[in-house]
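So this one's query_16.txt, compact mmCIF, C-alpha atoms:
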```
# COMPACT_ATOMS: atom_id res chain seq x y z
CA SER C 1 0.00 0.00 0.00
CA LYS C 2 3.04 2.25 -0.02
CA GLY C 3 2.42 5.27 -2.21
CA ARG C 4 -1.32 4.60 -2.59
CA PRO C 5 -3.97 6.76 -0.92
CA VAL C 6 -5.91 4.94 1.81
CA ARG C 7 -9.23 5.96 0.25
CA ASP C 8 -8.26 4.23 -3.01
CA ILE C 9 -7.42 0.99 -1.18
CA ILE C 10 -10.73 1.10 0.71
CA ALA C 11 -12.69 1.92 -2.46
CA GLN C 12 -11.09 -1.00 -4.28
CA SER C 13 -11.42 -3.61 -1.52
CA PHE C 14 -14.72 -2.66 0.13
CA PRO C 15 -16.96 -4.04 -2.68
CA ASN C 16 -15.38 -7.48 -2.23
CA SER C 17 -15.95 -7.40 1.53
CA LEU C 18 -19.50 -6.14 0.97
CA ILE C 19 -20.31 -8.97 -1.45
CA LEU C 20 -18.86 -11.50 0.98
CA GLY C 21 -20.77 -10.00 3.91
CA LEU C 22 -24.09 -9.89 2.04
CA SER C 23 -23.67 -13.49 0.89
CA ALA C 24 -22.82 -14.65 4.40
CA LEU C 25 -25.77 -12.75 5.86
CA GLY C 26 -28.12 -14.25 3.27
CA ILE C 27 -26.92 -17.75 4.14
CA ALA C 28 -27.30 -17.01 7.86
CA ILE C 29 -30.86 -15.71 7.50
CA CYS C 30 -31.97 -18.56 5.22
CA ILE C 31 -30.64 -21.16 7.68
CA GLY C 32 -30.97 -19.55 11.10
CA VAL C 33 -34.42 -17.93 11.01
CA PRO C 34 -36.37 -20.99 9.74
CA LEU C 35 -34.45 -23.21 12.15
CA GLY C 36 -35.35 -20.96 15.08
CA VAL C 37 -39.02 -20.75 14.09
CA ILE C 38 -39.33 -24.52 13.69
CA SER C 39 -37.60 -25.10 17.03
CA ALA C 40 -40.00 -22.71 18.77
CA ILE C 41 -43.06 -24.34 17.20
CA ARG C 42 -41.77 -27.83 18.10
CA LYS C 43 -40.58 -26.87 21.57
CA ASN C 44 -38.98 -29.67 23.62
CA SER C 45 -39.22 -32.12 20.72
CA TRP C 46 -36.30 -33.96 19.15
CA VAL C 47 -36.33 -31.34 16.38
CA ASP C 48 -35.88 -28.59 18.95
CA TRP C 49 -33.13 -30.38 20.87
CA GLY C 50 -31.30 -31.39 17.70
CA SER C 51 -31.49 -27.94 16.10
CA MET C 52 -30.33 -26.11 19.20
CA SER C 53 -27.52 -28.60 19.78
CA ILE C 54 -26.27 -28.00 16.24
CA ALA C 55 -26.63 -24.25 16.78
CA MET C 56 -24.57 -24.43 19.96
CA ILE C 57 -21.84 -26.33 18.12
CA GLY C 58 -21.92 -23.68 15.38
CA ILE C 59 -21.45 -20.94 17.97
CA CYS C 60 -18.54 -22.70 19.66
CA VAL C 61 -16.55 -23.65 16.54
CA PRO C 62 -14.50 -20.65 15.31
CA ALA C 63 -14.22 -19.55 11.70
CA PHE C 64 -10.53 -20.42 11.49
CA THR C 65 -11.57 -24.04 12.12
CA VAL C 66 -14.62 -24.09 9.84
CA GLY C 67 -12.74 -22.57 6.91
CA PRO C 68 -9.98 -25.19 6.62
CA LEU C 69 -12.51 -27.98 7.16
CA LEU C 70 -14.57 -26.72 4.22
CA GLN C 71 -11.42 -26.47 2.14
CA ILE C 72 -10.38 -30.04 2.96
CA TYR C 73 -13.70 -31.85 2.78
CA ILE C 74 -15.66 -29.81 0.22
CA ALA C 75 -13.39 -27.80 -2.08
CA ALA C 76 -10.88 -30.61 -2.48
CA HIS C 77 -13.56 -33.11 -3.53
CA LEU C 78 -16.00 -31.04 -5.60
CA PRO C 79 -15.00 -30.01 -9.13
CA GLY C 80 -15.36 -26.32 -9.84
CA LEU C 81 -14.64 -25.20 -6.29
CA LYS C 82 -11.24 -23.70 -5.56
CA VAL C 83 -9.60 -24.07 -2.18
CA ALA C 84 -8.82 -20.34 -2.22
CA GLY C 85 -9.09 -17.46 -4.62
CA TRP C 86 -11.46 -14.75 -5.79
CA GLY C 87 -12.59 -14.22 -9.35
CA SER C 88 -15.84 -16.04 -10.08
CA PRO C 89 -19.23 -16.19 -8.30
CA VAL C 90 -18.50 -19.77 -7.21
CA ASP C 91 -15.52 -18.54 -5.20
CA ILE C 92 -17.89 -16.70 -2.86
CA LEU C 93 -19.53 -19.92 -1.61
CA LEU C 94 -16.93 -21.30 0.81
CA PRO C 95 -15.92 -18.05 2.56
CA ALA C 96 -19.59 -17.02 2.77
CA LEU C 97 -20.46 -20.39 4.32
CA THR C 98 -17.61 -20.04 6.79
CA LEU C 99 -18.90 -16.67 7.97
CA GLY C 100 -22.60 -17.43 7.61
CA LEU C 101 -22.79 -20.68 9.58
CA THR C 102 -21.77 -19.11 12.89
CA THR C 103 -24.14 -16.20 12.36
CA ALA C 104 -26.91 -18.66 11.47
CA ALA C 105 -26.36 -20.43 14.79
CA TYR C 106 -26.82 -17.17 16.72
CA LEU C 107 -29.89 -16.25 14.66
CA ALA C 108 -31.46 -19.66 15.29
CA ARG C 109 -31.18 -19.30 19.05
CA LEU C 110 -32.32 -15.67 19.07
CA THR C 111 -35.28 -16.40 16.80
CA ARG C 112 -36.32 -19.36 18.94
CA GLY C 113 -36.16 -17.27 22.11
CA GLY C 114 -38.12 -14.41 20.57
CA MET C 115 -40.77 -16.71 19.15
CA LEU C 116 -41.23 -18.54 22.46
CA GLU C 117 -41.68 -15.23 24.26
CA ILE C 118 -44.33 -14.07 21.79
CA LEU C 119 -46.12 -17.42 21.73
CA SER C 120 -46.58 -17.21 25.50
CA GLN C 121 -48.33 -13.82 25.31
CA ASP C 122 -52.02 -13.35 26.09
CA PHE C 123 -52.95 -12.14 22.60
CA ILE C 124 -51.64 -15.39 21.11
CA ARG C 125 -53.78 -17.43 23.50
CA THR C 126 -56.75 -15.22 22.62
CA ALA C 127 -56.18 -15.75 18.90
CA ARG C 128 -56.00 -19.50 19.44
CA ALA C 129 -59.23 -19.41 21.44
CA LYS C 130 -60.90 -17.60 18.54
CA GLY C 131 -59.88 -20.43 16.21
CA VAL C 132 -57.16 -18.66 14.23
CA PRO C 133 -55.32 -21.30 12.13
CA SER C 134 -51.82 -22.19 13.32
CA ASN C 135 -50.12 -21.08 10.09
CA LYS C 136 -51.82 -17.69 10.19
CA LEU C 137 -51.07 -17.38 13.89
CA ILE C 138 -47.36 -17.88 13.28
CA THR C 139 -46.94 -15.81 10.11
CA ARG C 140 -49.22 -12.86 10.93
CA HIS C 141 -49.05 -12.59 14.71
CA ALA C 142 -46.01 -14.31 16.22
CA LEU C 143 -43.34 -13.94 13.56
CA ARG C 144 -43.25 -10.15 13.47
CA GLY C 145 -42.57 -9.79 17.18
CA GLY C 146 -40.54 -12.96 17.45
CA LEU C 147 -37.97 -11.71 14.96
CA LEU C 148 -37.14 -8.55 16.91
CA PRO C 149 -34.17 -10.06 18.82
CA ALA C 150 -32.80 -11.46 15.56
CA ILE C 151 -33.21 -8.11 13.78
CA ALA C 152 -31.43 -6.30 16.60
CA PHE C 153 -28.58 -8.79 16.18
CA ILE C 154 -28.45 -8.59 12.38
CA GLY C 155 -27.42 -4.92 12.33
CA PRO C 156 -24.11 -5.16 14.20
CA SER C 157 -23.64 -8.71 12.92
CA PHE C 158 -23.67 -7.50 9.31
CA ALA C 159 -21.05 -4.90 10.15
CA ALA C 160 -19.03 -7.64 11.85
CA LEU C 161 -19.35 -9.88 8.79
CA ILE C 162 -17.79 -7.13 6.70
CA SER C 163 -15.25 -5.82 9.17
CA GLY C 164 -14.55 -8.96 11.16
CA SER C 165 -13.67 -11.29 8.31
CA PHE C 166 -9.90 -10.82 8.64
CA ILE C 167 -9.15 -14.50 9.17
CA VAL C 168 -11.62 -15.74 6.56
CA GLU C 169 -10.37 -13.33 3.90
CA THR C 170 -6.81 -14.41 4.64
CA ILE C 171 -7.65 -18.14 4.55
CA PHE C 172 -9.54 -17.90 1.25
CA GLN C 173 -7.35 -15.15 -0.25
CA VAL C 174 -10.22 -12.70 -0.67
CA PRO C 175 -8.90 -9.25 -1.69
CA GLY C 176 -11.11 -7.44 0.80
CA MET C 177 -10.66 -4.93 3.57
CA GLY C 178 -9.93 -7.61 6.14
CA GLN C 179 -6.91 -8.81 4.23
CA HIS C 180 -5.64 -5.24 3.86
CA PHE C 181 -6.11 -4.77 7.60
CA VAL C 182 -3.96 -7.84 8.32
CA ASN C 183 -1.33 -6.70 5.81
CA ALA C 184 -1.30 -3.24 7.39
CA VAL C 185 -0.61 -4.77 10.81
CA ILE C 186 2.21 -6.92 9.42
CA ALA C 187 3.75 -4.02 7.48
CA ARG C 188 3.14 -1.55 10.33
CA ASP C 189 1.29 0.76 7.97
CA GLU C 190 -0.27 3.12 10.52
CA PHE C 191 -2.20 5.22 8.00
CA LEU C 192 -3.90 2.25 6.34
CA LEU C 193 -4.56 0.64 9.72
CA LEU C 194 -6.18 3.80 11.07
CA GLY C 195 -8.20 4.38 7.89
CA VAL C 196 -9.60 0.85 7.81
CA ALA C 197 -10.36 0.92 11.55
CA LEU C 198 -12.24 4.22 11.23
CA PHE C 199 -14.19 2.90 8.27
CA PHE C 200 -15.13 -0.24 10.21
CA GLY C 201 -16.29 1.91 13.13
CA PHE C 202 -18.44 3.97 10.77
CA LEU C 203 -20.03 0.78 9.41
CA ILE C 204 -20.88 -0.46 12.89
CA VAL C 205 -22.58 2.83 13.79
CA ILE C 206 -24.62 2.85 10.56
CA MET C 207 -25.71 -0.79 10.92
CA ASN C 208 -26.73 -0.29 14.55
CA LEU C 209 -28.77 2.76 13.56
CA ALA C 210 -30.47 0.82 10.74
CA ALA C 211 -31.30 -2.03 13.14
CA ASP C 212 -32.81 0.41 15.66
CA ILE C 213 -34.94 2.06 12.97
CA LEU C 214 -36.19 -1.29 11.68
CA THR C 215 -36.98 -2.41 15.23
CA GLY C 216 -39.05 0.72 15.72
CA VAL C 217 -40.94 0.07 12.48
CA LEU C 218 -41.78 -3.50 13.47
CA ASP C 219 -42.48 -2.85 17.17
CA PRO C 220 -44.87 0.06 17.93
CA ARG C 221 -43.92 -0.14 21.62
CA VAL C 222 -40.48 1.26 20.79
CA ARG C 223 -42.04 4.27 19.06
CA LEU C 224 -44.43 4.81 21.97
CA ASP C 225 -41.60 4.73 24.50
CA SER C 226 -39.59 7.27 22.52
CA ASN C 227 -42.61 9.59 22.18
CA GLN C 228 -43.31 9.43 25.91
CA LYS C 229 -39.73 10.42 26.67
```
What is this file in structure tokens?
Amino acid sequence: SKGRPVRDIIAQSFPNSLILGLSALGIAICIGVPLGVISAIRKNSWVDWGSMSIAMIGICVPAFTVGPLLQIYIAAHLPGLKVAGWGSPVDILLPALTLGLTTAAYLARLTRGGMLEILSQDFIRTARAKGVPSNKLITRHALRGGLLPAIAFIGPSFAALISGSFIVETIFQVPGMGQHFVNAVIARDEFLLLGVALFFGFLIVIMNLAADILTGVLDPRVRLDSNQK
């Protein structure tokens, strides 16, 4: 990065980190949210116990372990998948899975907890007493409130997926901001290190703000509390 403006390095590498973060977040939502909803509906069943056990394992296993395992057991045995590299849409799959699986585990547990809390509310029991079908009860009444903990987590989590993918970008040789951050530490490039850190901090603030706004849109109680204050 010697001789290059920090803004040019960020402008060149941020799109790659953004694509990786969006892909990982999409994988996490598609896996974690349905898993949490199903676990809440089937509370204390083998589906619930099995799903939450897998989610706990996903939380405990770090990305620097998941990444090499995917490289060894998936990329090395499936044609078309490279162990590392960045150049085609297929190359996004393994690093996105590495980042997305842990986030999916958190989302599954948060969604399950939020759904169980909503399903125990009085208005849910009233709707059941009125004969509201179970599918309608879940999709129209419980899901909106049950997803609030997951939505609050998605904001900072998305920023972390972009800014916290140092190890994953290094393992899979993704030319993103995380790799530049690691290289800046190794090369003792203070200007690049400071610029990337400030940009990451800005992302975290923006994502937290977006999550708070979305929570207020979905939960009228948040808007009422703010108006009363």
* To do: Extract, using only C-alpha atoms, all DNA, RNA and protein residues at most 6 Å from C:Gly32, discarding same-chain residues fewer than 3 positions from it, and format them as a PyMOL selection string.
  => chain C and resi 28-29+35+104-105+107-108
Shortest contact to C:Ala152, candidates C:Leu110, C:Ala96, C:Val83, C:Leu69, atoms counted all atoms listed in the file, goes to C:Leu110
Give me the stretch 122-181 of chain C side of the contact with stretch 41-51 of chain C, cut-off 12 Å, one line per residue showing its nearest atom pair and distance in Å at one decimal, counting all atoms listed in the file, sorted by chain and residue number, as a Markdown table.
```
| residue | atom | partner | partner_atom | distance |
| --- | --- | --- | --- | --- |
| C:Ser134 | CA | C:Ile41 | CA | 9.8 |
| C:Asn135 | CA | C:Ile41 | CA | 10.5 |
| C:Leu137 | CA | C:Ile41 | CA | 11.1 |
| C:Ile138 | CA | C:Ile41 | CA | 8.7 |
| C:Thr139 | CA | C:Ile41 | CA | 11.8 |
| C:Ala142 | CA | C:Ile41 | CA | 10.5 |
| C:Leu143 | CA | C:Ile41 | CA | 11.0 |
| C:Gly146 | CA | C:Ile41 | CA | 11.7 |
```
Output file for the residues above (C-alpha atoms, as a short mmCIF file (atom, residue, chain, number, x, y, z; two decimals), keeping the file's coordinate frame):
```cif
data_model
loop_
_atom_site.label_atom_id
_atom_site.label_comp_id
_atom_site.auth_asym_id
_atom_site.auth_seq_id
_atom_site.Cartn_x
_atom_site.Cartn_y
_atom_site.Cartn_z
CA SER C 134 -51.82 -22.19 13.32
CA ASN C 135 -50.12 -21.08 10.09
CA LEU C 137 -51.07 -17.38 13.89
CA ILE C 138 -47.36 -17.88 13.28
CA THR C 139 -46.94 -15.81 10.11
CA ALA C 142 -46.01 -14.31 16.22
CA LEU C 143 -43.34 -13.94 13.56
CA GLY C 146 -40.54 -12.96 17.45
#
```
>> Residues within 10 Å of C:Phe166, please, as a list in words. Count only C-alpha atoms; anything in the same chain fewer than 3 positions from it doesn't count.
In response: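 The filter keeps Ser17, Leu161, Ile162, Ser163, Glu169, Thr170, Ile171, Val174, Gly176, Met177, Gly178, Gln179, His180, Phe181, Val182 and Asn183 of chain C.
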For C:Gly26, the closest of C:Leu101, C:Leu116, C:Val185, C:Ala210 counting all atoms listed in the file is C:Leu101
| request: Please identify all polymer residues within 12 Å of C:Gln71, counting all atoms listed in the file, omitting same-chain residues fewer than 3 positions from it, and present them as a PyMOL selection string. | output: chain C and resi 64-68+74-78+81-85+91+93-95+97-98+168+171-172
Output C-alpha atoms of each residue in that selection to a file, as a short mmCIF file (atom, residue, chain, number, x, y, z; two decimals), in the frame of the given file.
```
data_model
loop_
_atom_site.label_atom_id
_atom_site.label_comp_id
_atom_site.auth_asym_id
_atom_site.auth_seq_id
_atom_site.Cartn_x
_atom_site.Cartn_y
_atom_site.Cartn_z
CA PHE C 64 -10.53 -20.42 11.49
CA THR C 65 -11.57 -24.04 12.12
CA VAL C 66 -14.62 -24.09 9.84
CA GLY C 67 -12.74 -22.57 6.91
CA PRO C 68 -9.98 -25.19 6.62
CA ILE C 74 -15.66 -29.81 0.22
CA ALA C 75 -13.39 -27.80 -2.08
CA ALA C 76 -10.88 -30.61 -2.48
CA HIS C 77 -13.56 -33.11 -3.53
CA LEU C 78 -16.00 -31.04 -5.60
CA LEU C 81 -14.64 -25.20 -6.29
CA LYS C 82 -11.24 -23.70 -5.56
CA VAL C 83 -9.60 -24.07 -2.18
CA ALA C 84 -8.82 -20.34 -2.22
CA GLY C 85 -9.09 -17.46 -4.62
CA ASP C 91 -15.52 -18.54 -5.20
CA LEU C 93 -19.53 -19.92 -1.61
CA LEU C 94 -16.93 -21.30 0.81
CA PRO C 95 -15.92 -18.05 2.56
CA LEU C 97 -20.46 -20.39 4.32
CA THR C 98 -17.61 -20.04 6.79
CA VAL C 168 -11.62 -15.74 6.56
CA ILE C 171 -7.65 -18.14 4.55
CA PHE C 172 -9.54 -17.90 1.25
#
```
note - atom CA of C:Ser157 and atom CA of C:Val205 are separated by 11.6 Å
- Item | Atom pair atom CA of C:Leu148 / atom CA of C:Met115: separation (Å) |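 Calculated distance between atom CA of C:Leu148 and atom CA of C:Met115 is 9.2 Å.
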Counting all atoms listed in the file, closest pick from C:Ala63, C:Thr215, C:Ser39, C:His141 relative to C:Asp122 is C:His141
Counting only C-alpha atoms, the residue among C:Arg109, C:Arg144, C:Pro156, C:Pro79 that lies closest to C:Gly21 is C:Pro156
Between C:Gly100, C:Ile57, C:Ala184, C:Ile154, which has the minimum distance to C:Val196 (counting only C-alpha atoms)?
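Between C:Gly100, C:Ile57, C:Ala184, C:Ile154, the residue approaching C:Val196 most closely is C:Ala184.
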Would you compute the box with edges along x, y and z of the file around stretch 69-77 of chain C, including every atom the file lists for it and 3 Å extra on each side, and give its centre and edge lengths in Å to one decimal, as lines of an AutoDock Vina configuration file?
```
center_x = -13.0
center_y = -29.8
center_z = 1.8
size_x = 11.3
size_y = 12.6
size_z = 16.7
```
Atom pair atom CA of C:Ile31 + atom CA of C:Met52, distance 12.5 Å
Across C:Tyr106, C:Phe153, C:Trp86, C:Phe14, the smallest distance to C:Gly58, with only C-alpha atoms counted, is shown by C:Tyr106
Quick one: residues within 12 Å of C:Leu194, only C-alpha atoms counted, chain neighbours fewer than 4 positions away excluded, as a list in words?
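Selected residues are Val6, Arg7, Ile10, His180, Phe181, Ala184, Val185, Arg188, Asp189, Glu190, Leu198, Phe199, Phe200 and Gly201 of chain C.
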Output C-alpha atoms of each residue in that selection to a file, as a PDB file, in the coordinates of the input.
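In the end it all went to part29.pdb:
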```
ATOM      1  CA  VAL C   6      -5.910   4.940   1.810  1.00  0.00           C
ATOM      2  CA  ARG C   7      -9.230   5.960   0.250  1.00  0.00           C
ATOM      3  CA  ILE C  10     -10.730   1.100   0.710  1.00  0.00           C
ATOM      4  CA  HIS C 180      -5.640  -5.240   3.860  1.00  0.00           C
ATOM      5  CA  PHE C 181      -6.110  -4.770   7.600  1.00  0.00           C
ATOM      6  CA  ALA C 184      -1.300  -3.240   7.390  1.00  0.00           C
ATOM      7  CA  VAL C 185      -0.610  -4.770  10.810  1.00  0.00           C
ATOM      8  CA  ARG C 188       3.140  -1.550  10.330  1.00  0.00           C
ATOM      9  CA  ASP C 189       1.290   0.760   7.970  1.00  0.00           C
ATOM     10  CA  GLU C 190      -0.270   3.120  10.520  1.00  0.00           C
ATOM     11  CA  LEU C 198     -12.240   4.220  11.230  1.00  0.00           C
ATOM     12  CA  PHE C 199     -14.190   2.900   8.270  1.00  0.00           C
ATOM     13  CA  PHE C 200     -15.130  -0.240  10.210  1.00  0.00           C
ATOM     14  CA  GLY C 201     -16.290   1.910  13.130  1.00  0.00           C
TER      15      GLY C 201
END
```
